[in-house]
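Source file: data.cif; contents: mmCIF, C-alpha atoms.
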data_data
loop_
_atom_site.group_PDB
_atom_site.id
_atom_site.type_symbol
_atom_site.label_atom_id
_atom_site.label_comp_id
_atom_site.auth_asym_id
_atom_site.auth_seq_id
_atom_site.Cartn_x
_atom_site.Cartn_y
_atom_site.Cartn_z
ATOM 1 C CA MET A 37 -34.087 -2.945 35.296
ATOM 2 C CA GLU A 38 -35.214 -1.446 38.606
ATOM 3 C CA LYS A 39 -32.461 -3.276 40.505
ATOM 4 C CA ILE A 40 -29.839 -2.115 37.997
ATOM 5 C CA THR A 41 -31.078 1.461 38.318
ATOM 6 C CA GLU A 42 -30.897 1.237 42.110
ATOM 7 C CA ILE A 43 -27.316 -0.040 41.991
ATOM 8 C CA ILE A 44 -26.323 2.796 39.645
ATOM 9 C CA LYS A 45 -27.877 5.305 42.062
ATOM 10 C CA LEU A 46 -25.900 3.811 44.940
ATOM 11 C CA GLN A 47 -22.694 3.913 42.880
ATOM 12 C CA GLU A 48 -23.273 7.596 42.189
ATOM 13 C CA MET A 49 -24.017 8.231 45.858
ATOM 14 C CA ALA A 50 -20.767 6.477 46.784
ATOM 15 C CA LYS A 51 -18.929 8.963 44.556
ATOM 16 C CA SER A 52 -20.643 11.812 46.404
ATOM 17 C CA VAL A 53 -19.636 10.255 49.718
ATOM 18 C CA ARG A 54 -16.039 10.044 48.498
ATOM 19 C CA ARG A 55 -16.071 13.675 47.417
ATOM 20 C CA GLY A 56 -17.295 14.580 50.887
ATOM 21 C CA ILE A 57 -14.424 12.624 52.424
ATOM 22 C CA ILE A 58 -11.832 14.455 50.331
ATOM 23 C CA GLU A 59 -13.499 17.808 51.005
ATOM 24 C CA ALA A 60 -13.476 17.249 54.765
ATOM 25 C CA VAL A 61 -9.875 16.073 55.024
ATOM 26 C CA TYR A 62 -8.606 18.785 52.680
ATOM 27 C CA ARG A 63 -10.385 21.569 54.546
ATOM 28 C CA GLY A 64 -9.328 20.179 57.913
ATOM 29 C CA LYS A 65 -5.731 19.848 56.726
ATOM 30 C CA SER A 66 -5.573 16.482 58.511
ATOM 31 C CA GLY A 67 -7.476 13.235 58.792
ATOM 32 C CA HIS A 68 -7.581 9.702 57.444
ATOM 33 C CA PRO A 69 -8.621 9.533 53.786
ATOM 34 C CA GLY A 70 -7.284 6.063 52.907
ATOM 35 C CA GLY A 71 -9.457 3.988 55.220
ATOM 36 C CA SER A 72 -12.411 6.326 54.794
ATOM 37 C CA LEU A 73 -12.383 5.810 51.033
ATOM 38 C CA SER A 74 -12.088 2.038 51.401
ATOM 39 C CA ILE A 75 -15.368 1.837 53.345
ATOM 40 C CA ALA A 76 -17.277 4.377 51.246
ATOM 41 C CA ASP A 77 -19.224 1.777 49.247
ATOM 42 C CA ILE A 78 -20.134 -0.234 52.337
ATOM 43 C CA MET A 79 -21.201 2.888 54.219
ATOM 44 C CA THR A 80 -23.247 4.056 51.245
ATOM 45 C CA VAL A 81 -25.184 0.792 51.093
ATOM 46 C CA LEU A 82 -25.737 0.892 54.860
ATOM 47 C CA TYR A 83 -27.073 4.449 54.944
ATOM 48 C CA PHE A 84 -28.985 4.507 51.669
ATOM 49 C CA ASN A 85 -30.222 0.956 51.252
ATOM 50 C CA GLU A 86 -29.817 -1.203 54.333
ATOM 51 C CA MET A 87 -30.313 0.493 57.686
ATOM 52 C CA ASN A 88 -33.731 1.337 59.088
ATOM 53 C CA ILE A 89 -33.108 4.931 60.186
ATOM 54 C CA ASP A 90 -34.863 8.291 60.156
ATOM 55 C CA GLU A 91 -32.808 11.463 59.788
ATOM 56 C CA THR A 92 -35.753 13.501 61.129
ATOM 57 C CA ASN A 93 -35.733 11.427 64.329
ATOM 58 C CA PRO A 94 -32.071 10.536 65.051
ATOM 59 C CA ASN A 95 -32.847 9.060 68.483
ATOM 60 C CA TRP A 96 -35.689 6.814 67.308
ATOM 61 C CA GLU A 97 -35.550 3.764 69.579
ATOM 62 C CA GLU A 98 -36.377 1.306 66.786
ATOM 63 C CA ARG A 99 -33.569 2.480 64.502
ATOM 64 C CA ASP A 100 -30.715 0.257 63.377
ATOM 65 C CA ARG A 101 -27.377 1.158 64.982
ATOM 66 C CA LEU A 102 -23.917 1.632 63.488
ATOM 67 C CA VAL A 103 -20.695 1.502 65.490
ATOM 68 C CA LEU A 104 -17.720 2.812 63.519
ATOM 69 C CA SER A 105 -15.083 1.058 65.594
ATOM 70 C CA LYS A 106 -12.325 2.420 63.336
ATOM 71 C CA GLY A 107 -13.363 5.889 64.444
ATOM 72 C CA HIS A 108 -10.473 7.706 62.788
ATOM 73 C CA CYS A 109 -12.340 7.096 59.516
ATOM 74 C CA SER A 110 -15.012 9.558 60.626
ATOM 75 C CA PRO A 111 -14.915 11.443 57.279
ATOM 76 C CA ALA A 112 -16.788 8.504 55.709
ATOM 77 C CA LEU A 113 -19.400 8.577 58.464
ATOM 78 C CA TYR A 114 -19.806 12.362 58.357
ATOM 79 C CA SER A 115 -20.109 12.375 54.587
ATOM 80 C CA CYS A 116 -22.863 9.735 54.704
ATOM 81 C CA LEU A 117 -24.724 11.562 57.464
ATOM 82 C CA ALA A 118 -24.524 14.833 55.527
ATOM 83 C CA GLN A 119 -25.725 13.215 52.298
ATOM 84 C CA ARG A 120 -28.574 11.560 54.226
ATOM 85 C CA GLY A 121 -29.669 14.902 55.676
ATOM 86 C CA TYR A 122 -28.585 14.761 59.316
ATOM 87 C CA PHE A 123 -26.756 18.073 58.819
ATOM 88 C CA ASP A 124 -25.821 20.417 55.956
ATOM 89 C CA ILE A 125 -23.200 19.148 53.538
ATOM 90 C CA GLU A 126 -21.393 22.485 53.836
ATOM 91 C CA GLU A 127 -20.520 21.567 57.429
ATOM 92 C CA LEU A 128 -18.027 19.014 56.115
ATOM 93 C CA GLN A 129 -15.732 21.961 55.451
ATOM 94 C CA SER A 130 -15.478 22.529 59.215
ATOM 95 C CA PHE A 131 -13.943 19.086 59.822
ATOM 96 C CA ARG A 132 -11.476 19.120 62.728
ATOM 97 C CA ASP A 133 -11.893 22.847 63.328
ATOM 98 C CA ILE A 134 -11.582 23.490 67.067
ATOM 99 C CA GLU A 135 -15.110 24.966 67.154
ATOM 100 C CA SER A 136 -16.672 22.271 64.965
ATOM 101 C CA LYS A 137 -18.834 19.361 66.104
ATOM 102 C CA LEU A 138 -17.175 17.289 63.373
ATOM 103 C CA GLN A 139 -14.052 16.274 65.222
ATOM 104 C CA GLY A 140 -11.473 13.701 64.125
ATOM 105 C CA HIS A 141 -13.325 10.992 66.035
ATOM 106 C CA PRO A 142 -17.147 10.972 66.058
ATOM 107 C CA ASP A 143 -18.928 12.238 69.170
ATOM 108 C CA MET A 144 -22.469 10.977 69.747
ATOM 109 C CA ASN A 145 -23.174 13.905 72.063
ATOM 110 C CA LYS A 146 -22.444 16.459 69.358
ATOM 111 C CA VAL A 147 -23.388 14.925 65.996
ATOM 112 C CA LYS A 148 -26.899 13.753 65.161
ATOM 113 C CA GLY A 149 -26.896 10.251 63.732
ATOM 114 C CA VAL A 150 -23.728 9.091 65.491
ATOM 115 C CA ASP A 151 -24.654 6.071 67.609
ATOM 116 C CA MET A 152 -21.368 5.678 69.454
ATOM 117 C CA THR A 153 -18.432 7.912 70.285
ATOM 118 C CA SER A 154 -15.397 6.019 69.042
ATOM 119 C CA GLY A 155 -11.694 6.510 68.640
ATOM 120 C CA SER A 156 -9.632 4.093 70.708
ATOM 121 C CA LEU A 157 -9.256 1.045 68.491
ATOM 122 C CA GLY A 158 -10.562 -2.332 69.583
ATOM 123 C CA GLN A 159 -13.545 -1.187 71.616
ATOM 124 C CA GLY A 160 -16.319 -1.005 69.040
ATOM 125 C CA LEU A 161 -17.326 -4.657 68.976
ATOM 126 C CA SER A 162 -17.787 -4.657 72.754
ATOM 127 C CA VAL A 163 -20.115 -1.685 72.458
ATOM 128 C CA ALA A 164 -21.985 -3.246 69.538
ATOM 129 C CA ASN A 165 -22.461 -6.392 71.631
ATOM 130 C CA GLY A 166 -24.056 -4.302 74.357
ATOM 131 C CA MET A 167 -26.437 -2.683 71.889
ATOM 132 C CA ALA A 168 -27.372 -6.062 70.401
ATOM 133 C CA ILE A 169 -27.931 -7.655 73.818
ATOM 134 C CA ALA A 170 -30.069 -4.676 74.880
ATOM 135 C CA GLY A 171 -32.147 -5.090 71.736
ATOM 136 C CA LYS A 172 -32.829 -8.719 72.560
ATOM 137 C CA LEU A 173 -33.661 -7.981 76.194
ATOM 138 C CA ASP A 174 -36.087 -5.240 75.128
ATOM 139 C CA ASN A 175 -37.598 -7.350 72.333
ATOM 140 C CA LYS A 176 -36.569 -4.757 69.744
ATOM 141 C CA GLN A 177 -36.207 -5.634 66.076
ATOM 142 C CA TYR A 178 -33.313 -3.305 65.296
ATOM 143 C CA ARG A 179 -29.993 -4.578 63.952
ATOM 144 C CA VAL A 180 -26.510 -3.489 64.971
ATOM 145 C CA TYR A 181 -23.648 -3.016 62.496
ATOM 146 C CA ALA A 182 -20.008 -2.691 63.549
ATOM 147 C CA ILE A 183 -17.241 -1.694 61.138
ATOM 148 C CA LEU A 184 -13.762 -2.878 62.134
ATOM 149 C CA GLY A 185 -10.403 -2.293 60.503
ATOM 150 C CA ASP A 186 -8.206 -5.243 59.585
ATOM 151 C CA GLY A 187 -5.360 -3.597 61.474
ATOM 152 C CA GLU A 188 -7.671 -2.901 64.380
ATOM 153 C CA ILE A 189 -8.464 -6.576 64.893
ATOM 154 C CA GLU A 190 -4.897 -7.033 66.119
ATOM 155 C CA GLU A 191 -6.341 -5.671 69.382
ATOM 156 C CA GLY A 192 -7.058 -8.434 71.893
ATOM 157 C CA GLN A 193 -10.314 -6.879 73.068
ATOM 158 C CA ILE A 194 -11.820 -7.607 69.656
ATOM 159 C CA TRP A 195 -11.475 -11.337 70.234
ATOM 160 C CA GLU A 196 -12.800 -11.175 73.791
ATOM 161 C CA ALA A 197 -15.824 -9.381 72.353
ATOM 162 C CA ALA A 198 -16.110 -11.917 69.532
ATOM 163 C CA MET A 199 -16.430 -14.688 72.112
ATOM 164 C CA ALA A 200 -19.282 -12.768 73.752
ATOM 165 C CA SER A 201 -21.003 -12.190 70.394
ATOM 166 C CA SER A 202 -21.074 -15.928 69.858
ATOM 167 C CA LYS A 203 -21.929 -16.888 73.452
ATOM 168 C CA TYR A 204 -25.036 -14.706 73.423
ATOM 169 C CA LYS A 205 -26.037 -15.813 69.912
ATOM 170 C CA LEU A 206 -26.286 -12.250 68.653
ATOM 171 C CA ASP A 207 -27.974 -12.833 65.326
ATOM 172 C CA ASN A 208 -28.989 -9.152 65.339
ATOM 173 C CA LEU A 209 -25.297 -8.215 65.040
ATOM 174 C CA CYS A 210 -23.401 -7.838 61.755
ATOM 175 C CA VAL A 211 -19.658 -7.183 61.862
ATOM 176 C CA ILE A 212 -17.924 -5.801 58.770
ATOM 177 C CA VAL A 213 -14.130 -6.068 58.565
ATOM 178 C CA ASP A 214 -12.613 -3.528 56.185
ATOM 179 C CA ASN A 215 -9.876 -5.722 54.756
ATOM 180 C CA ASN A 216 -7.810 -3.219 52.773
ATOM 181 C CA ASN A 217 -4.575 -4.947 53.932
ATOM 182 C CA LEU A 218 -2.869 -1.713 54.982
ATOM 183 C CA GLN A 219 -2.419 0.065 58.295
ATOM 184 C CA ILE A 220 -0.359 3.051 59.355
ATOM 185 C CA ASP A 221 3.003 1.230 59.338
ATOM 186 C CA GLY A 222 2.555 -1.005 56.296
ATOM 187 C CA THR A 223 0.791 -4.194 55.294
ATOM 188 C CA ILE A 224 -1.136 -6.339 57.755
ATOM 189 C CA GLU A 225 1.344 -9.186 57.232
ATOM 190 C CA GLU A 226 4.317 -6.950 58.002
ATOM 191 C CA VAL A 227 2.912 -5.432 61.168
ATOM 192 C CA MET A 228 0.963 -8.226 62.907
ATOM 193 C CA SER A 229 -0.826 -10.638 60.623
ATOM 194 C CA SER A 230 -4.441 -11.344 61.502
ATOM 195 C CA TYR A 231 -4.867 -13.741 58.579
ATOM 196 C CA PRO A 232 -6.815 -15.844 57.860
ATOM 197 C CA ILE A 233 -9.489 -13.410 59.051
ATOM 198 C CA ASP A 234 -12.410 -15.489 57.803
ATOM 199 C CA GLU A 235 -11.241 -18.681 59.511
ATOM 200 C CA LYS A 236 -10.578 -16.876 62.786
ATOM 201 C CA PHE A 237 -14.103 -15.470 62.962
ATOM 202 C CA LYS A 238 -15.519 -18.882 62.037
ATOM 203 C CA LYS A 239 -13.608 -20.425 64.944
ATOM 204 C CA PHE A 240 -15.111 -17.784 67.203
ATOM 205 C CA GLY A 241 -18.604 -18.899 66.208
ATOM 206 C CA PHE A 242 -19.516 -16.409 63.467
ATOM 207 C CA GLU A 243 -21.190 -17.060 60.158
ATOM 208 C CA VAL A 244 -18.651 -15.566 57.736
ATOM 209 C CA LEU A 245 -19.263 -14.051 54.303
ATOM 210 C CA THR A 246 -16.392 -12.833 52.100
ATOM 211 C CA ILE A 247 -17.149 -10.198 49.484
ATOM 212 C CA ASP A 248 -15.706 -7.538 47.200
ATOM 213 C CA GLY A 249 -16.232 -4.466 49.364
ATOM 214 C CA HIS A 250 -16.540 -2.221 46.309
ATOM 215 C CA ASN A 251 -19.188 -4.269 44.499
ATOM 216 C CA ILE A 252 -22.532 -2.715 45.424
ATOM 217 C CA SER A 253 -24.493 -5.793 44.387
ATOM 218 C CA GLU A 254 -22.331 -8.114 46.496
ATOM 219 C CA ILE A 255 -22.611 -5.803 49.503
ATOM 220 C CA ILE A 256 -26.413 -5.754 49.243
ATOM 221 C CA GLN A 257 -26.566 -9.535 48.876
ATOM 222 C CA ALA A 258 -24.316 -10.023 51.901
ATOM 223 C CA PHE A 259 -26.499 -7.828 54.115
ATOM 224 C CA ASN A 260 -29.596 -9.664 52.901
ATOM 225 C CA LYS A 261 -27.967 -13.006 53.656
ATOM 226 C CA ALA A 262 -26.881 -11.810 57.113
ATOM 227 C CA LYS A 263 -30.500 -11.170 58.071
ATOM 228 C CA THR A 264 -31.393 -14.808 57.398
ATOM 229 C CA ILE A 265 -28.752 -16.226 59.775
ATOM 230 C CA LYS A 266 -30.173 -17.260 63.146
ATOM 231 C CA GLU A 267 -28.587 -18.150 66.491
ATOM 232 C CA LYS A 268 -25.155 -16.738 65.619
ATOM 233 C CA PRO A 269 -23.539 -13.396 64.689
ATOM 234 C CA VAL A 270 -22.377 -12.628 61.160
ATOM 235 C CA CYS A 271 -19.016 -11.297 60.005
ATOM 236 C CA ILE A 272 -18.644 -9.884 56.517
ATOM 237 C CA VAL A 273 -15.000 -9.789 55.427
ATOM 238 C CA ALA A 274 -14.941 -7.058 52.797
ATOM 239 C CA LYS A 275 -11.940 -7.110 50.478
ATOM 240 C CA THR A 276 -11.228 -3.460 49.767
ATOM 241 C CA THR A 277 -8.614 -1.076 48.403
ATOM 242 C CA LYS A 278 -7.222 1.615 50.657
ATOM 243 C CA GLY A 279 -7.818 5.013 49.057
ATOM 244 C CA LYS A 280 -10.322 3.550 46.574
ATOM 245 C CA GLY A 281 -11.464 6.025 43.939
ATOM 246 C CA VAL A 282 -8.455 8.352 44.025
ATOM 247 C CA SER A 283 -5.669 6.977 41.844
ATOM 248 C CA PHE A 284 -2.653 8.299 43.740
ATOM 249 C CA MET A 285 -4.071 7.199 47.109
ATOM 250 C CA GLU A 286 -4.956 3.633 46.154
ATOM 251 C CA ASN A 287 -2.958 0.921 47.949
ATOM 252 C CA GLN A 288 -0.644 3.490 49.517
ATOM 253 C CA ALA A 289 -0.073 3.194 53.279
ATOM 254 C CA SER A 290 1.261 6.755 53.227
ATOM 255 C CA TRP A 291 -2.348 7.959 52.723
ATOM 256 C CA HIS A 292 -3.510 6.341 55.932
ATOM 257 C CA GLY A 293 -3.496 9.665 57.739
ATOM 258 C CA LYS A 294 -2.656 12.834 55.824
ATOM 259 C CA ALA A 295 -4.466 15.528 53.879
ATOM 260 C CA PRO A 296 -4.047 16.316 50.171
ATOM 261 C CA ASN A 297 -2.442 19.583 49.143
ATOM 262 C CA ASP A 298 -4.138 21.983 46.722
ATOM 263 C CA GLU A 299 -2.983 20.186 43.586
ATOM 264 C CA GLN A 300 -3.823 16.740 44.963
ATOM 265 C CA TYR A 301 -7.232 17.936 46.118
ATOM 266 C CA LYS A 302 -8.009 19.238 42.635
ATOM 267 C CA GLN A 303 -6.927 15.966 40.998
ATOM 268 C CA ALA A 304 -8.899 13.847 43.482
ATOM 269 C CA MET A 305 -12.108 15.832 42.957
ATOM 270 C CA GLU A 306 -11.700 15.694 39.182
ATOM 271 C CA GLU A 307 -11.321 11.912 39.321
ATOM 272 C CA LEU A 308 -14.365 11.557 41.578
ATOM 273 C CA ASN A 309 -16.461 13.721 39.254
#

How would this structure read if it were set down as C-alpha cells?
Amino acid sequence: MEKITEIIKLQEMAKSVRRGIIEAVYRGKSGHPGGSLSIADIMTVLYFNEMNIDETNPNWEERDRLVLSKGHCSPALYSCLAQRGYFDIEELQSFRDIESKLQGHPDMNKVKGVDMTSGSLGQGLSVANGMAIAGKLDNKQYRVYAILGDGEIEEGQIWEAAMASSKYKLDNLCVIVDNNNLQIDGTIEEVMSSYPIDEKFKKFGFEVLTIDGHNISEIIQAFNKAKTIKEKPVCIVAKTTKGKGVSFMENQASWHGKAPNDEQYKQAMEELN
C-alpha cells in the first residue's frame, strides 16, 4: 500500500510540474512545451524520488547531478526546481522575461539547483562524462544523470561522448533518452533517423533499459536497476509522447516550440487539474 501511495503522490506531483510548464510558457509567450511535457514524469521521479539533493544547500558537493542536455526544455527543469523549493513557484511567471533569471536555456550561474548551463544541442553528454569522471577521481558517491532528446542524438558529439562514457566505465552515469519521436521539423525518421536507439547505445558499450517514460513505476524500477550495473554506463530509452497531458499538444510537432494562447492555456490548465 505504501508503494502505491508513493506512486500516486508522484503522479500528482507530475501534474503540478506540467501545470508549471504551461504557466511558464504561457506567461513568457514563447518556449518549448512539447518536449518539456514529455519529460515531466521522468523529471518528477528524479527530483522527488531518485536524486540525492538538498534544496537548502544547492552546491552540496555530495549531491547527485543533472545535465539537461536538451536545454530548450528548461520549463520542465524550472517547474521541478520550483516545486522542490529552490525558488518560489510564482517566479515561473517571469519565464523568458529580459530581467528574469529563468531564461529560455538554464543558466547555472543564475538559478539555484541548475548543475549545467545548457542550450546548444549535443554537448550535455560530454559535460556529464566530465562530472562522472571527476566523481570517480575524487572518490565521491554521487551519480550523474543526463537527459537527451531523440532528435538531439543526431548530433555527432553525442556519439563521441558515448565512446568516452564506455571507455572510462562510468557506472555512475545514467543517460535518459526522451524518445517522443518528434523534433522541430517532424518525426525522427523523416528528419534523420537515429533508430534503433537501444541497439546503437548497446554497441557503444552501454547497458540499455527501455521503458514507458510515463509509467512512474517503470521509471523508478529503471533507476533502481541502473544503480546495480557496474563497469559500464546505463542508457534508459524512455518511450514518451510529445506534449503528454495536454490533449491538443500530444503527438503534434507544431507544439515543439510555441506558447498557448489564452483559450488554449485555459483548456490545458483545466485538463491538468

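Reported to one decimal place, the separation of CA of Glu126 in chain A from CA of Asp298 in chain A is 18.7 Å.
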
Could you give me, as CSV, every range 136-255 of chain A residue with an atom at most 10 Å from range 42-47 of chain A, plus its closest atom pair and distance in Å to one decimal, counting only C-alpha atoms, rows ordered by chain then number?
residue,atom,partner,partner_atom,distance
A:His250,CA,A:Gln47,CA,9.3
A:Asn251,CA,A:Gln47,CA,9.0
A:Ile252,CA,A:Ile43,CA,6.5
A:Ser253,CA,A:Ile43,CA,6.8

Open item on the list: Report, in Å to a single decimal, how far apart CA of Thr92 in chain A and CA of Ser74 in chain A are.
Closed with: 28.0 Å

TODO: Measuring atom to atom with all atoms listed in the file, identify which of A:Ser105, A:Ser115, A:Asn216, A:Asn95 is nearest to Gln159 in chain A.
DONE: A:Ser105

Would you give the centre and edge lengths, in Å to one decimal, of a box along x, y and z around the listed atoms of range 50-69 of chain A, with 4 Å added to each side, as lines of an AutoDock Vina configuration file?
center_x = -13.2
center_y = 14.0
center_z = 51.7
size_x = 23.2
size_y = 23.1
size_z = 22.2

- [ ] Quote the spacing between CA of Asn287 in chain A and CA of Ile212 in chain A in Å to one decimal place.
- [x] 19.7 Å

Identify all residues satisfying the PyMOL selection byres ((chain A and resi 191) around 12) in the given file; provide them as a compact mmCIF listing (two decimals) with C-alpha atoms, in the frame of the given file.
# COMPACT_ATOMS: atom_id res chain seq x y z
CA SER A 105 -15.08 1.06 65.59
CA LYS A 106 -12.32 2.42 63.34
CA SER A 156 -9.63 4.09 70.71
CA LEU A 157 -9.26 1.04 68.49
CA GLY A 158 -10.56 -2.33 69.58
CA GLN A 159 -13.54 -1.19 71.62
CA GLY A 160 -16.32 -1.00 69.04
CA LEU A 161 -17.33 -4.66 68.98
CA SER A 162 -17.79 -4.66 72.75
CA LEU A 184 -13.76 -2.88 62.13
CA GLY A 185 -10.40 -2.29 60.50
CA ASP A 186 -8.21 -5.24 59.58
CA GLY A 187 -5.36 -3.60 61.47
CA GLU A 188 -7.67 -2.90 64.38
CA ILE A 189 -8.46 -6.58 64.89
CA GLU A 190 -4.90 -7.03 66.12
CA GLY A 192 -7.06 -8.43 71.89
CA GLN A 193 -10.31 -6.88 73.07
CA ILE A 194 -11.82 -7.61 69.66
CA TRP A 195 -11.48 -11.34 70.23
CA GLU A 196 -12.80 -11.18 73.79
CA ALA A 197 -15.82 -9.38 72.35
CA ALA A 198 -16.11 -11.92 69.53
CA MET A 228 0.96 -8.23 62.91
CA SER A 229 -0.83 -10.64 60.62
CA SER A 230 -4.44 -11.34 61.50

- [ ] Have a look at A:Tyr114, A:Phe242, A:Phe259, A:Phe237 and name the one nearest to Met87 in chain A; count all atoms listed in the file.
- [x] A:Phe259

- [ ] Evaluate the PyMOL selection byres ((chain A and resi 167) around 12) and record the selected residues as a PyMOL selection string, following the chain and residue labels used in the document.
- [x] chain A and resi 97-103+151-152+160-166+168-174+176-182+201+206+208-210

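Picked out by the PyMOL selection byres ((chain A and resi 300) around 12) when it runs on this file: Ile58, Glu59, Val61, Tyr62, Val282, Ser283, Phe284, Met285, Trp291, Lys294, Ala295, Pro296, Asn297, Asp298, Glu299, Tyr301, Lys302, Gln303, Ala304, Met305, Glu306 and Glu307 of chain A.
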
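For the set A:Gly140, A:Pro232, A:Pro94, A:Gly155, the residue with the smallest atom-to-atom gap to Gly67 in chain A is A:Gly140, counting only C-alpha atoms.
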
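Here the question is which of A:Asp248, A:Glu225, A:Glu135, A:Glu286 gets nearest to Leu73 in chain A using only C-alpha atoms, and that residue is A:Glu286.
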
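Between Arg132 in chain A and the residues A:Gly222, A:Gly281, A:Gly64, A:Gly107, the shortest atom-to-atom distance, using only C-alpha atoms, involves A:Gly64.
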
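The smallest atom-to-atom distance between Lys278 in chain A and any of A:Leu117, A:Met144, A:Ala50, A:Ile220, using only C-alpha atoms, is found for A:Ile220.
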
TODO: Find the residues around Ala112 in chain A up to 9 Å (only C-alpha atoms counted), leave out those fewer than 4 positions away in its own chain, and share them as a PyMOL selection string.
DONE: chain A and resi 53-54+56-57+69+71-73+75-76+79+116-117

Using the atoms already present, construct all heavy atoms for range 302-309 of chain A and hand them back as a PDB file, keeping the file's coordinate frame.
ATOM      1  N   LYS A 302      -7.403  18.976  43.935  1.00  0.00           N
ATOM      2  CA  LYS A 302      -8.009  19.238  42.635  1.00  0.00           C
ATOM      3  C   LYS A 302      -8.065  17.959  41.804  1.00  0.00           C
ATOM      4  O   LYS A 302      -9.103  17.637  41.198  1.00  0.00           O
ATOM      5  CB  LYS A 302      -7.219  20.309  41.894  1.00  0.00           C
ATOM      6  CG  LYS A 302      -7.803  20.667  40.530  1.00  0.00           C
ATOM      7  CD  LYS A 302      -6.969  21.751  39.827  1.00  0.00           C
ATOM      8  CE  LYS A 302      -7.544  22.071  38.458  1.00  0.00           C
ATOM      9  NZ  LYS A 302      -6.723  23.093  37.742  1.00  0.00           N
ATOM     10  N   GLN A 303      -6.960  17.203  41.782  1.00  0.00           N
ATOM     11  CA  GLN A 303      -6.927  15.966  40.998  1.00  0.00           C
ATOM     12  C   GLN A 303      -7.936  14.951  41.545  1.00  0.00           C
ATOM     13  O   GLN A 303      -8.660  14.306  40.773  1.00  0.00           O
ATOM     14  CB  GLN A 303      -5.525  15.347  41.026  1.00  0.00           C
ATOM     15  CG  GLN A 303      -5.439  14.040  40.223  1.00  0.00           C
ATOM     16  CD  GLN A 303      -4.061  13.418  40.261  1.00  0.00           C
ATOM     17  OE1 GLN A 303      -3.076  14.074  40.560  1.00  0.00           O
ATOM     18  NE2 GLN A 303      -4.000  12.121  39.939  1.00  0.00           N
ATOM     19  N   ALA A 304      -7.989  14.809  42.864  1.00  0.00           N
ATOM     20  CA  ALA A 304      -8.899  13.847  43.482  1.00  0.00           C
ATOM     21  C   ALA A 304     -10.353  14.173  43.138  1.00  0.00           C
ATOM     22  O   ALA A 304     -11.127  13.285  42.761  1.00  0.00           O
ATOM     23  CB  ALA A 304      -8.706  13.834  45.001  1.00  0.00           C
ATOM     24  N   MET A 305     -10.721  15.447  43.239  1.00  0.00           N
ATOM     25  CA  MET A 305     -12.108  15.832  42.957  1.00  0.00           C
ATOM     26  C   MET A 305     -12.439  15.662  41.484  1.00  0.00           C
ATOM     27  O   MET A 305     -13.569  15.284  41.146  1.00  0.00           O
ATOM     28  CB  MET A 305     -12.337  17.284  43.413  1.00  0.00           C
ATOM     29  CG  MET A 305     -12.218  17.483  44.911  1.00  0.00           C
ATOM     30  SD  MET A 305     -13.355  16.463  45.883  1.00  0.00           S
ATOM     31  CE  MET A 305     -14.740  17.586  46.046  1.00  0.00           C
ATOM     32  N   GLU A 306     -11.470  15.911  40.610  1.00  0.00           N
ATOM     33  CA  GLU A 306     -11.700  15.694  39.182  1.00  0.00           C
ATOM     34  C   GLU A 306     -11.935  14.213  38.901  1.00  0.00           C
ATOM     35  O   GLU A 306     -12.831  13.857  38.126  1.00  0.00           O
ATOM     36  CB  GLU A 306     -10.503  16.209  38.378  1.00  0.00           C
ATOM     37  CG  GLU A 306     -10.429  17.722  38.291  1.00  0.00           C
ATOM     38  CD  GLU A 306      -9.182  18.204  37.551  1.00  0.00           C
ATOM     39  OE1 GLU A 306      -8.314  17.343  37.251  1.00  0.00           O
ATOM     40  OE2 GLU A 306      -9.075  19.408  37.292  1.00  0.00           O
ATOM     41  N   GLU A 307     -11.152  13.353  39.526  1.00  0.00           N
ATOM     42  CA  GLU A 307     -11.321  11.912  39.321  1.00  0.00           C
ATOM     43  C   GLU A 307     -12.674  11.433  39.843  1.00  0.00           C
ATOM     44  O   GLU A 307     -13.323  10.579  39.241  1.00  0.00           O
ATOM     45  CB  GLU A 307     -10.185  11.147  40.009  1.00  0.00           C
ATOM     46  CG  GLU A 307      -8.840  11.331  39.351  1.00  0.00           C
ATOM     47  CD  GLU A 307      -7.742  10.509  40.016  1.00  0.00           C
ATOM     48  OE1 GLU A 307      -8.056   9.657  40.873  1.00  0.00           O
ATOM     49  OE2 GLU A 307      -6.563  10.717  39.675  1.00  0.00           O
ATOM     50  N   LEU A 308     -13.101  11.986  40.966  1.00  0.00           N
ATOM     51  CA  LEU A 308     -14.365  11.557  41.578  1.00  0.00           C
ATOM     52  C   LEU A 308     -15.578  12.177  40.893  1.00  0.00           C
ATOM     53  O   LEU A 308     -16.712  11.768  41.155  1.00  0.00           O
ATOM     54  CB  LEU A 308     -14.363  11.892  43.071  1.00  0.00           C
ATOM     55  CG  LEU A 308     -13.354  11.085  43.898  1.00  0.00           C
ATOM     56  CD1 LEU A 308     -13.254  11.637  45.314  1.00  0.00           C
ATOM     57  CD2 LEU A 308     -13.759   9.604  43.924  1.00  0.00           C
ATOM     58  N   ASN A 309     -15.358  13.137  40.031  1.00  0.00           N
ATOM     59  CA  ASN A 309     -16.461  13.721  39.254  1.00  0.00           C
ATOM     60  C   ASN A 309     -16.614  13.026  37.910  1.00  0.00           C
ATOM     61  O   ASN A 309     -17.477  13.396  37.137  1.00  0.00           O
ATOM     62  CB  ASN A 309     -16.210  15.216  39.042  1.00  0.00           C
ATOM     63  CG  ASN A 309     -16.598  16.032  40.257  1.00  0.00           C
ATOM     64  OD1 ASN A 309     -17.578  15.723  40.927  1.00  0.00           O
ATOM     65  ND2 ASN A 309     -15.824  17.056  40.560  1.00  0.00           N
TER      66      ASN A 309
END
